[in-house]
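Undergrad: Input coords-v6.cif, format and content: mmCIF, C-alpha atoms.
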```cif
data_start
loop_
_atom_site.group_PDB
_atom_site.id
_atom_site.type_symbol
_atom_site.label_atom_id
_atom_site.label_comp_id
_atom_site.auth_asym_id
_atom_site.auth_seq_id
_atom_site.Cartn_x
_atom_site.Cartn_y
_atom_site.Cartn_z
ATOM 1 C CA MET A 615 -28.196 44.501 15.583
ATOM 2 C CA SER A 616 -30.625 42.261 13.695
ATOM 3 C CA HIS A 617 -32.155 39.104 15.188
ATOM 4 C CA LEU A 618 -29.871 37.030 12.961
ATOM 5 C CA GLY A 619 -26.856 38.791 14.493
ATOM 6 C CA TYR A 620 -27.956 37.788 18.000
ATOM 7 C CA ILE A 621 -28.593 34.197 16.854
ATOM 8 C CA ALA A 622 -25.138 34.013 15.256
ATOM 9 C CA MET A 623 -23.552 35.425 18.411
ATOM 10 C CA ALA A 624 -25.379 32.934 20.691
ATOM 11 C CA TYR A 625 -24.498 29.906 18.541
ATOM 12 C CA ALA A 626 -20.874 31.061 18.218
ATOM 13 C CA VAL A 627 -20.591 31.435 22.012
ATOM 14 C CA ALA A 628 -22.146 27.993 22.620
ATOM 15 C CA ILE A 629 -20.009 26.211 20.006
ATOM 16 C CA LEU A 630 -16.794 27.938 21.145
ATOM 17 C CA GLY A 631 -17.609 27.117 24.773
ATOM 18 C CA LEU A 632 -18.152 23.425 23.996
ATOM 19 C CA LEU A 633 -15.083 23.252 21.758
ATOM 20 C CA SER A 634 -12.947 24.918 24.439
ATOM 21 C CA ILE A 635 -13.673 22.202 27.024
ATOM 22 C CA VAL A 636 -13.108 19.419 24.469
ATOM 23 C CA THR A 637 -9.827 21.021 23.343
ATOM 24 C CA GLY A 638 -8.748 21.639 26.939
ATOM 25 C CA THR A 639 -9.360 17.979 27.775
ATOM 26 C CA LEU A 640 -7.426 16.781 24.708
ATOM 27 C CA LEU A 641 -4.474 19.112 25.443
ATOM 28 C CA ARG A 642 -4.359 17.977 29.079
ATOM 29 C CA LYS A 643 -4.276 14.343 27.911
ATOM 30 C CA ARG A 644 -1.423 15.140 25.529
ATOM 31 C CA GLY A 645 0.528 16.843 28.335
ATOM 32 C CA LEU A 646 -0.021 13.922 30.713
ATOM 33 C CA LEU A 647 1.011 11.355 28.089
ATOM 34 C CA LYS A 648 4.247 13.294 27.509
ATOM 35 C CA GLU A 649 4.986 13.425 31.253
ATOM 36 C CA LEU A 650 4.237 9.700 31.641
ATOM 37 C CA LYS A 651 6.534 8.881 28.736
ATOM 38 C CA SER A 652 9.377 10.964 30.171
ATOM 39 C CA LEU A 653 8.987 9.159 33.518
ATOM 40 C CA GLU A 654 9.069 5.803 31.725
ATOM 41 C CA THR A 655 12.287 6.788 29.907
ATOM 42 C CA LEU A 656 13.788 7.431 33.358
ATOM 43 C CA GLY A 657 13.074 3.793 34.126
ATOM 44 C CA VAL A 658 10.030 4.275 36.345
ATOM 45 C CA ARG A 659 7.313 1.731 35.593
ATOM 46 C CA PRO A 660 3.642 2.355 36.377
ATOM 47 C CA ASP A 661 2.335 0.508 39.420
ATOM 48 C CA GLU A 662 0.178 -2.360 38.147
ATOM 49 C CA SER A 663 -1.553 -3.015 41.479
ATOM 50 C CA MET B 758 -24.926 3.070 39.394
ATOM 51 C CA ILE B 759 -21.483 1.716 38.626
ATOM 52 C CA PRO B 760 -21.005 -1.865 39.936
ATOM 53 C CA PHE B 761 -18.614 -2.091 42.869
ATOM 54 C CA SER B 762 -16.009 -4.039 40.854
ATOM 55 C CA LEU B 763 -15.802 -1.143 38.377
ATOM 56 C CA ALA B 764 -14.984 1.320 41.146
ATOM 57 C CA GLN B 765 -11.305 0.573 40.556
ATOM 58 C CA PRO B 766 -9.388 2.388 37.799
ATOM 59 C CA ARG B 767 -7.881 -0.857 36.467
ATOM 60 C CA LYS B 768 -11.347 -2.320 35.799
ATOM 61 C CA LEU B 769 -13.030 0.889 34.701
ATOM 62 C CA GLU B 770 -10.293 2.041 32.295
ATOM 63 C CA PRO B 771 -10.835 -0.579 29.517
ATOM 64 C CA LEU B 772 -14.551 0.270 29.538
ATOM 65 C CA LEU B 773 -13.808 4.013 29.287
ATOM 66 C CA LYS B 774 -11.351 3.404 26.454
ATOM 67 C CA LYS B 775 -14.135 1.840 24.368
ATOM 68 C CA MET B 776 -16.931 4.141 25.531
ATOM 69 C CA VAL B 777 -15.347 7.609 25.162
ATOM 70 C CA PRO B 778 -14.749 7.640 21.341
ATOM 71 C CA LEU B 779 -18.237 6.201 20.745
ATOM 72 C CA ALA B 780 -19.805 8.861 22.969
ATOM 73 C CA TYR B 781 -17.898 11.629 21.117
ATOM 74 C CA LEU B 782 -19.087 10.213 17.797
ATOM 75 C CA ALA B 783 -22.702 10.016 19.018
ATOM 76 C CA ALA B 784 -22.494 13.591 20.366
ATOM 77 C CA THR B 785 -21.169 14.889 17.016
ATOM 78 C CA ILE B 786 -24.002 13.187 15.082
ATOM 79 C CA LEU B 787 -26.599 14.470 17.556
ATOM 80 C CA PHE B 788 -25.216 18.026 17.298
ATOM 81 C CA ILE B 789 -25.353 17.925 13.471
ATOM 82 C CA VAL B 790 -28.982 16.696 13.513
ATOM 83 C CA GLY B 791 -29.882 19.119 16.327
ATOM 84 C CA LEU B 792 -28.333 22.140 14.599
ATOM 85 C CA TYR B 793 -30.147 21.259 11.362
ATOM 86 C CA TYR B 794 -33.518 21.168 13.140
ATOM 87 C CA ALA B 795 -32.741 24.209 15.306
ATOM 88 C CA LEU B 796 -31.492 26.504 12.544
ATOM 89 C CA LEU B 797 -33.271 25.290 9.412
ATOM 90 C CA ASP B 798 -36.292 23.138 10.172
ATOM 91 C CA SER B 799 -37.959 24.662 13.246
ATOM 92 C CA PRO B 800 -40.536 27.445 12.812
ATOM 93 C CA GLN B 801 -40.276 31.080 13.920
ATOM 94 C CA ASP B 802 -42.065 32.125 17.088
ATOM 95 C CA TYR B 803 -45.102 34.353 16.550
ATOM 96 C CA GLN B 804 -43.764 36.904 19.064
ATOM 97 C CA GLN B 805 -39.986 36.385 19.109
ATOM 98 C CA GLY B 806 -39.458 35.671 15.420
ATOM 99 C CA ASP B 807 -36.130 33.956 14.654
ATOM 100 C CA SER B 808 -34.643 34.884 18.053
ATOM 101 C CA VAL B 809 -36.432 31.845 19.508
ATOM 102 C CA ARG B 810 -33.702 29.702 17.898
ATOM 103 C CA ILE B 811 -31.355 30.817 20.710
ATOM 104 C CA MET B 812 -33.521 28.605 22.961
ATOM 105 C CA TYR B 813 -31.997 25.465 21.388
ATOM 106 C CA VAL B 814 -28.501 26.251 22.660
ATOM 107 C CA HIS B 815 -29.527 28.100 25.832
ATOM 108 C CA VAL B 816 -32.119 25.783 27.397
ATOM 109 C CA PRO B 817 -30.199 22.444 27.206
ATOM 110 C CA ALA B 818 -27.074 24.198 28.582
ATOM 111 C CA SER B 819 -29.159 25.472 31.523
ATOM 112 C CA TRP B 820 -30.795 22.073 32.190
ATOM 113 C CA PHE B 821 -27.517 20.212 32.223
ATOM 114 C CA ALA B 822 -25.668 22.915 34.184
ATOM 115 C CA LEU B 823 -28.258 22.302 36.901
ATOM 116 C CA MET B 824 -28.340 18.497 36.578
ATOM 117 C CA ILE B 825 -24.543 18.195 36.525
ATOM 118 C CA TYR B 826 -24.357 20.242 39.722
ATOM 119 C CA GLY B 827 -26.856 17.790 41.245
ATOM 120 C CA PHE B 828 -24.558 14.961 40.107
ATOM 121 C CA VAL B 829 -21.483 16.708 41.612
ATOM 122 C CA GLY B 830 -23.354 17.295 44.884
ATOM 123 C CA VAL B 831 -24.642 13.706 45.191
ATOM 124 C CA ALA B 832 -21.240 12.235 44.225
ATOM 125 C CA SER B 833 -19.551 14.504 46.800
ATOM 126 C CA ALA B 834 -22.058 13.411 49.479
ATOM 127 C CA SER B 835 -21.339 9.738 48.580
ATOM 128 C CA PHE B 836 -17.635 10.434 49.020
ATOM 129 C CA LEU B 837 -18.179 12.102 52.407
ATOM 130 C CA ILE B 838 -20.646 9.499 53.738
ATOM 131 C CA PHE B 839 -19.525 6.190 52.181
ATOM 132 C CA ARG B 840 -15.845 7.071 51.577
ATOM 133 C CA LEU B 841 -16.071 6.177 47.885
ATOM 134 C CA PRO B 842 -12.960 7.636 46.192
ATOM 135 C CA LEU B 843 -14.450 7.054 42.728
ATOM 136 C CA ALA B 844 -17.405 9.282 43.672
ATOM 137 C CA ALA B 845 -15.015 12.163 44.472
ATOM 138 C CA LEU B 846 -13.178 11.581 41.184
ATOM 139 C CA MET B 847 -16.480 11.613 39.286
ATOM 140 C CA ALA B 848 -17.445 14.897 40.935
ATOM 141 C CA GLN B 849 -14.053 16.353 40.023
ATOM 142 C CA ALA B 850 -14.377 15.167 36.432
ATOM 143 C CA ALA B 851 -17.933 16.513 36.062
ATOM 144 C CA ALA B 852 -17.508 19.959 37.667
ATOM 145 C CA PRO B 853 -15.549 21.688 34.832
ATOM 146 C CA ILE B 854 -18.108 20.395 32.303
ATOM 147 C CA GLY B 855 -20.991 21.731 34.403
ATOM 148 C CA ALA B 856 -19.204 25.067 34.860
ATOM 149 C CA THR B 857 -18.770 25.362 31.070
ATOM 150 C CA TYR B 858 -22.454 24.546 30.463
ATOM 151 C CA CYS B 859 -23.396 27.113 33.115
ATOM 152 C CA LEU B 860 -21.240 29.787 31.473
ATOM 153 C CA ILE B 861 -22.798 28.966 28.072
ATOM 154 C CA SER B 862 -26.252 29.257 29.654
ATOM 155 C CA LEU B 863 -25.424 32.665 31.181
ATOM 156 C CA ALA B 864 -23.827 34.024 27.987
ATOM 157 C CA THR B 865 -26.490 32.787 25.550
ATOM 158 C CA GLY B 866 -29.241 33.888 27.960
ATOM 159 C CA SER B 867 -27.737 37.350 28.052
ATOM 160 C CA ILE B 868 -27.545 37.454 24.230
ATOM 161 C CA TRP B 869 -31.195 36.295 24.038
ATOM 162 C CA GLY B 870 -32.190 38.898 26.649
ATOM 163 C CA LYS B 871 -30.940 41.863 24.637
ATOM 164 C CA PRO B 872 -33.393 41.607 21.683
ATOM 165 C CA MET B 873 -36.262 40.307 23.875
ATOM 166 C CA TRP B 874 -36.003 42.392 27.063
ATOM 167 C CA GLY B 875 -33.883 45.272 25.753
ATOM 168 C CA THR B 876 -31.083 44.552 28.223
ATOM 169 C CA TRP B 877 -28.136 42.139 28.515
ATOM 170 C CA TRP B 878 -28.645 41.542 32.236
ATOM 171 C CA VAL B 879 -31.113 42.134 35.051
ATOM 172 C CA TRP B 880 -30.771 41.114 38.691
ATOM 173 C CA ASP B 881 -33.754 38.836 38.268
ATOM 174 C CA ALA B 882 -34.180 35.788 40.600
ATOM 175 C CA ARG B 883 -33.522 33.197 37.829
ATOM 176 C CA LEU B 884 -30.490 35.006 36.384
ATOM 177 C CA THR B 885 -29.009 35.735 39.804
ATOM 178 C CA SER B 886 -29.490 32.161 41.080
ATOM 179 C CA MET B 887 -27.891 30.870 37.865
ATOM 180 C CA LEU B 888 -24.921 33.200 38.464
ATOM 181 C CA VAL B 889 -24.709 31.828 42.019
ATOM 182 C CA LEU B 890 -24.633 28.308 40.495
ATOM 183 C CA PHE B 891 -21.660 29.336 38.354
ATOM 184 C CA LEU B 892 -19.931 30.802 41.436
ATOM 185 C CA MET B 893 -20.533 27.512 43.305
ATOM 186 C CA TYR B 894 -18.874 25.623 40.446
ATOM 187 C CA ALA B 895 -15.973 28.108 40.447
ATOM 188 C CA GLY B 896 -15.618 27.816 44.238
ATOM 189 C CA TYR B 897 -15.615 24.012 44.050
ATOM 190 C CA LEU B 898 -12.968 23.975 41.311
ATOM 191 C CA LEU B 899 -10.746 26.568 43.019
ATOM 192 C CA LEU B 900 -10.953 24.813 46.382
ATOM 193 C CA SER B 901 -10.170 21.388 44.937
ATOM 194 C CA GLN B 902 -7.096 22.783 43.141
ATOM 195 C CA SER B 903 -5.720 25.233 45.700
ATOM 196 C CA ILE B 904 -4.903 22.914 48.635
ATOM 197 C CA ASP B 905 -1.792 20.742 48.392
ATOM 198 C CA ASP B 906 -3.094 18.060 50.748
ATOM 199 C CA ARG B 907 -5.173 16.038 48.247
ATOM 200 C CA GLU B 908 -7.452 14.401 50.810
ATOM 201 C CA ARG B 909 -8.182 17.674 52.596
ATOM 202 C CA ALA B 910 -8.868 19.401 49.267
ATOM 203 C CA LEU B 911 -11.324 16.656 48.286
ATOM 204 C CA LYS B 912 -13.064 16.785 51.666
ATOM 205 C CA LEU B 913 -13.462 20.581 51.718
ATOM 206 C CA SER B 914 -14.548 20.878 48.099
ATOM 207 C CA SER B 915 -17.035 18.030 48.634
ATOM 208 C CA ILE B 916 -18.542 19.856 51.636
ATOM 209 C CA LEU B 917 -18.885 23.007 49.505
ATOM 210 C CA ALA B 918 -20.530 21.006 46.686
ATOM 211 C CA VAL B 919 -23.066 19.486 49.112
ATOM 212 C CA LEU B 920 -23.868 22.930 50.610
ATOM 213 C CA GLY B 921 -24.377 24.290 47.091
ATOM 214 C CA LEU B 922 -27.189 21.777 46.495
ATOM 215 C CA ILE B 923 -29.453 24.260 48.331
ATOM 216 C CA ASN B 924 -29.255 26.458 45.235
ATOM 217 C CA ILE B 925 -30.713 23.798 42.888
ATOM 218 C CA PRO B 926 -34.396 24.155 43.935
ATOM 219 C CA ILE B 927 -33.887 27.939 44.130
ATOM 220 C CA VAL B 928 -32.823 28.023 40.445
ATOM 221 C CA LYS B 929 -35.632 25.658 39.396
ATOM 222 C CA PHE B 930 -38.478 27.354 41.263
ATOM 223 C CA SER B 931 -37.214 30.954 41.165
ATOM 224 C CA VAL B 932 -39.604 31.730 38.306
ATOM 225 C CA ASP B 933 -42.557 30.452 40.387
ATOM 226 C CA TRP B 934 -41.551 31.905 43.759
ATOM 227 C CA TRP B 935 -40.794 35.425 42.550
ATOM 228 C CA HIS B 936 -42.067 37.730 39.797
ATOM 229 C CA THR B 937 -39.280 37.568 37.267
ATOM 230 C CA LEU B 938 -38.536 38.896 33.815
ATOM 231 C CA HIS B 939 -37.500 35.357 32.889
ATOM 232 C CA GLN B 940 -40.376 33.293 31.532
ATOM 233 C CA PRO B 941 -41.842 30.500 33.730
ATOM 234 C CA ALA B 942 -41.150 26.801 33.067
ATOM 235 C CA SER B 943 -42.615 25.715 29.740
ATOM 236 C CA ILE B 944 -41.470 22.085 29.494
ATOM 237 C CA PHE B 945 -40.987 20.462 32.922
ATOM 238 C CA ARG B 946 -44.310 21.484 34.465
ATOM 239 C CA ALA B 947 -47.279 19.614 35.937
ATOM 240 C CA ALA B 948 -49.624 20.499 33.068
ATOM 241 C CA GLY B 949 -47.185 19.222 30.431
ATOM 242 C CA PRO B 950 -45.087 21.176 27.919
ATOM 243 C CA SER B 951 -46.616 24.420 26.698
ATOM 244 C CA ILE B 952 -44.552 24.667 23.512
ATOM 245 C CA HIS B 953 -45.405 23.128 20.156
ATOM 246 C CA SER B 954 -43.932 19.769 19.116
ATOM 247 C CA SER B 955 -42.189 21.440 16.140
ATOM 248 C CA MET B 956 -40.056 23.285 18.710
ATOM 249 C CA LEU B 957 -39.854 20.406 21.190
ATOM 250 C CA LEU B 958 -38.199 18.103 18.627
ATOM 251 C CA PRO B 959 -35.112 20.304 17.974
ATOM 252 C CA LEU B 960 -34.887 20.903 21.716
ATOM 253 C CA PHE B 961 -34.888 17.137 22.278
ATOM 254 C CA TRP B 962 -32.088 16.616 19.721
ATOM 255 C CA MET B 963 -29.959 19.417 21.151
ATOM 256 C CA ALA B 964 -30.545 18.218 24.745
ATOM 257 C CA SER B 965 -29.496 14.680 23.686
ATOM 258 C CA ALA B 966 -26.351 16.148 22.081
ATOM 259 C CA TYR B 967 -25.436 18.099 25.231
ATOM 260 C CA LEU B 968 -26.061 14.972 27.342
ATOM 261 C CA MET B 969 -23.952 12.733 25.099
ATOM 262 C CA LEU B 970 -21.122 15.295 25.098
ATOM 263 C CA PHE B 971 -21.298 15.319 28.895
ATOM 264 C CA VAL B 972 -21.007 11.506 28.955
ATOM 265 C CA ALA B 973 -18.013 11.628 26.560
ATOM 266 C CA LEU B 974 -16.250 14.386 28.493
ATOM 267 C CA LEU B 975 -16.958 12.755 31.865
ATOM 268 C CA GLY B 976 -15.369 9.507 30.698
ATOM 269 C CA HIS B 977 -12.469 11.353 29.096
ATOM 270 C CA ARG B 978 -11.783 13.476 32.189
ATOM 271 C CA LEU B 979 -11.986 10.390 34.437
ATOM 272 C CA GLN B 980 -9.277 8.819 32.263
ATOM 273 C CA LEU B 981 -7.161 11.954 32.828
ATOM 274 C CA LEU B 982 -7.649 11.751 36.601
ATOM 275 C CA PHE B 983 -6.562 8.089 36.570
ATOM 276 C CA MET B 984 -3.505 9.067 34.507
ATOM 277 C CA GLU B 985 -2.677 11.856 36.985
ATOM 278 C CA MET B 986 -2.906 9.378 39.880
ATOM 279 C CA ARG B 987 -0.608 6.951 38.060
ATOM 280 C CA MET B 988 1.841 9.736 37.283
ATOM 281 C CA LYS B 989 1.961 10.934 40.893
ATOM 282 C CA ALA B 990 2.662 7.369 42.049
ATOM 283 C CA MET B 991 5.475 7.123 39.493
ATOM 284 C CA GLN B 992 6.939 10.488 40.588
ATOM 285 C CA GLN B 993 6.942 9.262 44.200
ATOM 286 C CA LYS B 994 8.650 6.047 43.111
ATOM 287 C CA LEU B 995 11.279 8.093 41.274
ATOM 288 C CA ALA B 996 11.817 10.300 44.342
ATOM 289 C CA TRP B 997 12.411 7.160 46.451
ATOM 290 C CA GLN B 998 14.873 5.812 43.886
ATOM 291 C CA VAL B 999 16.801 9.110 43.695
ATOM 292 C CA ALA B 1000 16.812 9.767 47.453
ATOM 293 C CA PRO B 1001 20.142 8.698 49.060
#
```
Please render this file's structure as structure tokens.

TA:
Amino acid sequence: MSHLGYIAMAYAVAILGLLSIVTGTLLRKRGLLKELKSLETLGVRPDES
Amino acid sequence: MIPFSLAQPRKLEPLLKKMVPLAYLAATILFIVGLYYALLDSPQDYQQGDSVRIMYVHVPASWFALMIYGFVGVASASFLIFRLPLAALMAQAAAPIGATYCLISLATGSIWGKPMWGTWWVWDARLTSMLVLFLMYAGYLLLSQSIDDRERALKLSSILAVLGLINIPIVKFSVDWWHTLHQPASIFRAAGPSIHSSMLLPLFWMASAYLMLFVALLGHRLQLLFMEMRMKAMQQKLAWQVAP
């Protein structure tokens, strides 16, 4: 493989790695918001204290 | 250090709400500038040729993998000694980010090793201690998730994080203490950086981008932990309402 191939591979790994943690965090937030909403529809209010 | 009054979710949350999007925006701009300098503007190395450009994604990932572990360890010690719940939450929020940076460091280092050393991996002191760092992160994350008793899980994972601090100086000084295939320190050393400013500048931009992304993700993941706490309290409330 040429040097450019190794550079492309390294940058792809780094960018995918960083994007995966950002995406994971966003998906987790979406999941939690859904769960919170479903609890609120059941009449449970968040504790304000 | 976060002021004491901010050590409560209710006071910290409005600040995080404003700070997180700004930090993501700053990280994106820094990455664009950094990638421009790293891929287009910086010169080739006289020995490594273009392969030296891997340094700009590998080195900042390694620095922050190490620094974030230091942060996790110190926050865990603060939780164990001063009983600061926010410190434990910060450690929990930071650990997955550090583990990701560590994995990026290991993978990009391996990819850089192949054209330079002729091999993907060697059981060299720096590479092995970096792998141990990743295992410490993995151990911390597994332990904090695998015990149902929340307080016990936090206590045990915090103890593991503090014990893992021993590995930090081993990673840093491994290239000085042992003969390794990995090159010695070329930036953080007593005699000053040994690389040219035309390569230091892209490294600075990329390191700033990694740092800003860490700040954004830390704030974002703290928000998630606060939401989880709120949700658990609501689930308990619901259980009390439903119970006969």

Undergrad: With all atoms listed in the file counted and 7 Å as the cut-off, give the residues of chain A in contact with chain B, each with its shortest interatomic distance in Å and the pair that gives it, as a Markdown table.

TA:
```
| residue | atom | partner | partner_atom | distance |
| --- | --- | --- | --- | --- |
| A:His617 | CA | B:Ser808 | CA | 5.7 |
| A:Tyr620 | CA | B:Ile868 | CA | 6.3 |
| A:Ile621 | CA | B:Ile811 | CA | 5.8 |
| A:Ala624 | CA | B:Thr865 | CA | 5.0 |
| A:Tyr625 | CA | B:Val814 | CA | 6.8 |
| A:Val627 | CA | B:Ile861 | CA | 6.9 |
| A:Ala628 | CA | B:Ile861 | CA | 5.6 |
| A:Gly631 | CA | B:Ile861 | CA | 6.4 |
| A:Thr639 | CA | B:Arg978 | CA | 6.8 |
| A:Lys643 | CA | B:Leu981 | CA | 6.2 |
| A:Leu650 | CA | B:Met988 | CA | 6.1 |
| A:Val658 | CA | B:Met991 | CA | 6.2 |
| A:Arg659 | CA | B:Met991 | CA | 6.9 |
| A:Pro660 | CA | B:Met991 | CA | 6.0 |
```

Undergrad: Would you compute, for all listed atoms of segment 626-642 of chain A, the axis-aligned bounding box grown by 5 Å on each side, and then report its centre and edge lengths in Å rounded to one decimal, as lines of an AutoDock Vina configuration file?

TA:
```
center_x = -13.3
center_y = 24.1
center_z = 23.6
size_x = 27.8
size_y = 24.7
size_z = 20.9
```

Undergrad: For a test of reading the model, state the distance in Å between atom CA of Leu823 of chain B and atom CA of Arg642 of chain A, rounded to one decimal.

TA: 25.5 Å

Undergrad: Using only C-alpha atoms, pick whichever of B:Met776, B:Met969, B:Ala848, B:Ala795 has the shortest atom-to-atom distance to Val919 of chain B.

TA: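 Of B:Met776, B:Met969, B:Ala848, B:Ala795, the one nearest Val919 of chain B is B:Ala848, counting only C-alpha atoms.
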
Undergrad: May I ask for the distance between atom CA of Val928 of chain B and atom CA of Gly949 of chain B, given in Å to one decimal place?

TA: 19.6 Å

Undergrad: For the atom pair atom CA of Leu797 of chain B and atom CA of Ser954 of chain B, what is the interatomic distance in Å to one decimal place?

TA: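 Taking atom CA of Leu797 of chain B as the start and atom CA of Ser954 of chain B as the end point, the length is 15.4 Å.
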
Undergrad: With all atoms listed in the file as the counted atoms, please give the residues lying no more than 10 Å from Asp881 of chain B, apart from itself and same-chain residues fewer than 3 positions off, as an mmCIF file with C-alpha atoms, keeping the file's coordinate frame.

TA:
```
data_model
loop_
_atom_site.group_PDB
_atom_site.id
_atom_site.type_symbol
_atom_site.label_atom_id
_atom_site.label_comp_id
_atom_site.auth_asym_id
_atom_site.auth_seq_id
_atom_site.Cartn_x
_atom_site.Cartn_y
_atom_site.Cartn_z
ATOM 1 C CA TRP B 878 -28.645 41.542 32.236
ATOM 2 C CA LEU B 884 -30.490 35.006 36.384
ATOM 3 C CA THR B 885 -29.009 35.735 39.804
ATOM 4 C CA SER B 886 -29.490 32.161 41.080
ATOM 5 C CA MET B 887 -27.891 30.870 37.865
ATOM 6 C CA SER B 931 -37.214 30.954 41.165
ATOM 7 C CA VAL B 932 -39.604 31.730 38.306
ATOM 8 C CA TRP B 935 -40.794 35.425 42.550
ATOM 9 C CA HIS B 936 -42.067 37.730 39.797
ATOM 10 C CA THR B 937 -39.280 37.568 37.267
ATOM 11 C CA LEU B 938 -38.536 38.896 33.815
ATOM 12 C CA HIS B 939 -37.500 35.357 32.889
#
```

Undergrad: Evaluated on this file, the PyMOL selection byres ((chain B and resi 960-962) around 10) picks out some residues - which ones are they, written as number ranges by chain?

TA: B: 786-795, 799, 810, 812-817, 954-959, 963-968

Undergrad: Which residue gives the smallest distance to Ala910 of chain B among B:Val972, B:Ala850, B:Leu888, B:Ala845, with all atoms listed in the file counted?

TA: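 Closest to Ala910 of chain B of all the choices is B:Ala845.
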
Undergrad: Find, counting all atoms listed in the file, the residue in B:Ala783, B:Ala851, B:Ser914, B:Phe836 that gets nearest to Met824 of chain B.

TA: B:Ala851

Undergrad: If we count only C-alpha atoms and set the cut-off at 8 Å, which residues sit around Ser835 of chain B, ignoring sequence neighbours fewer than 4 positions away in its own chain? Please answer as an NGL selection string.

TA: :B and (831 or 839-841 or 844-845)

Undergrad: My list of candidates is B:Leu890, B:Tyr803, B:Val879, B:Arg946. Which is closest to Gly921 of chain B when distances are computed with all atoms listed in the file?

TA: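 Of all the options, B:Leu890 lies closest to Gly921 of chain B.
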
Undergrad: Within 12 Å of (-12.5, 27.9, 45.5) (coordinates as in the file), grab all the protein and nucleic acid residues, counting only C-alpha atoms, and write them out as number ranges by chain.

TA: B: 891-904, 910-911, 913-918
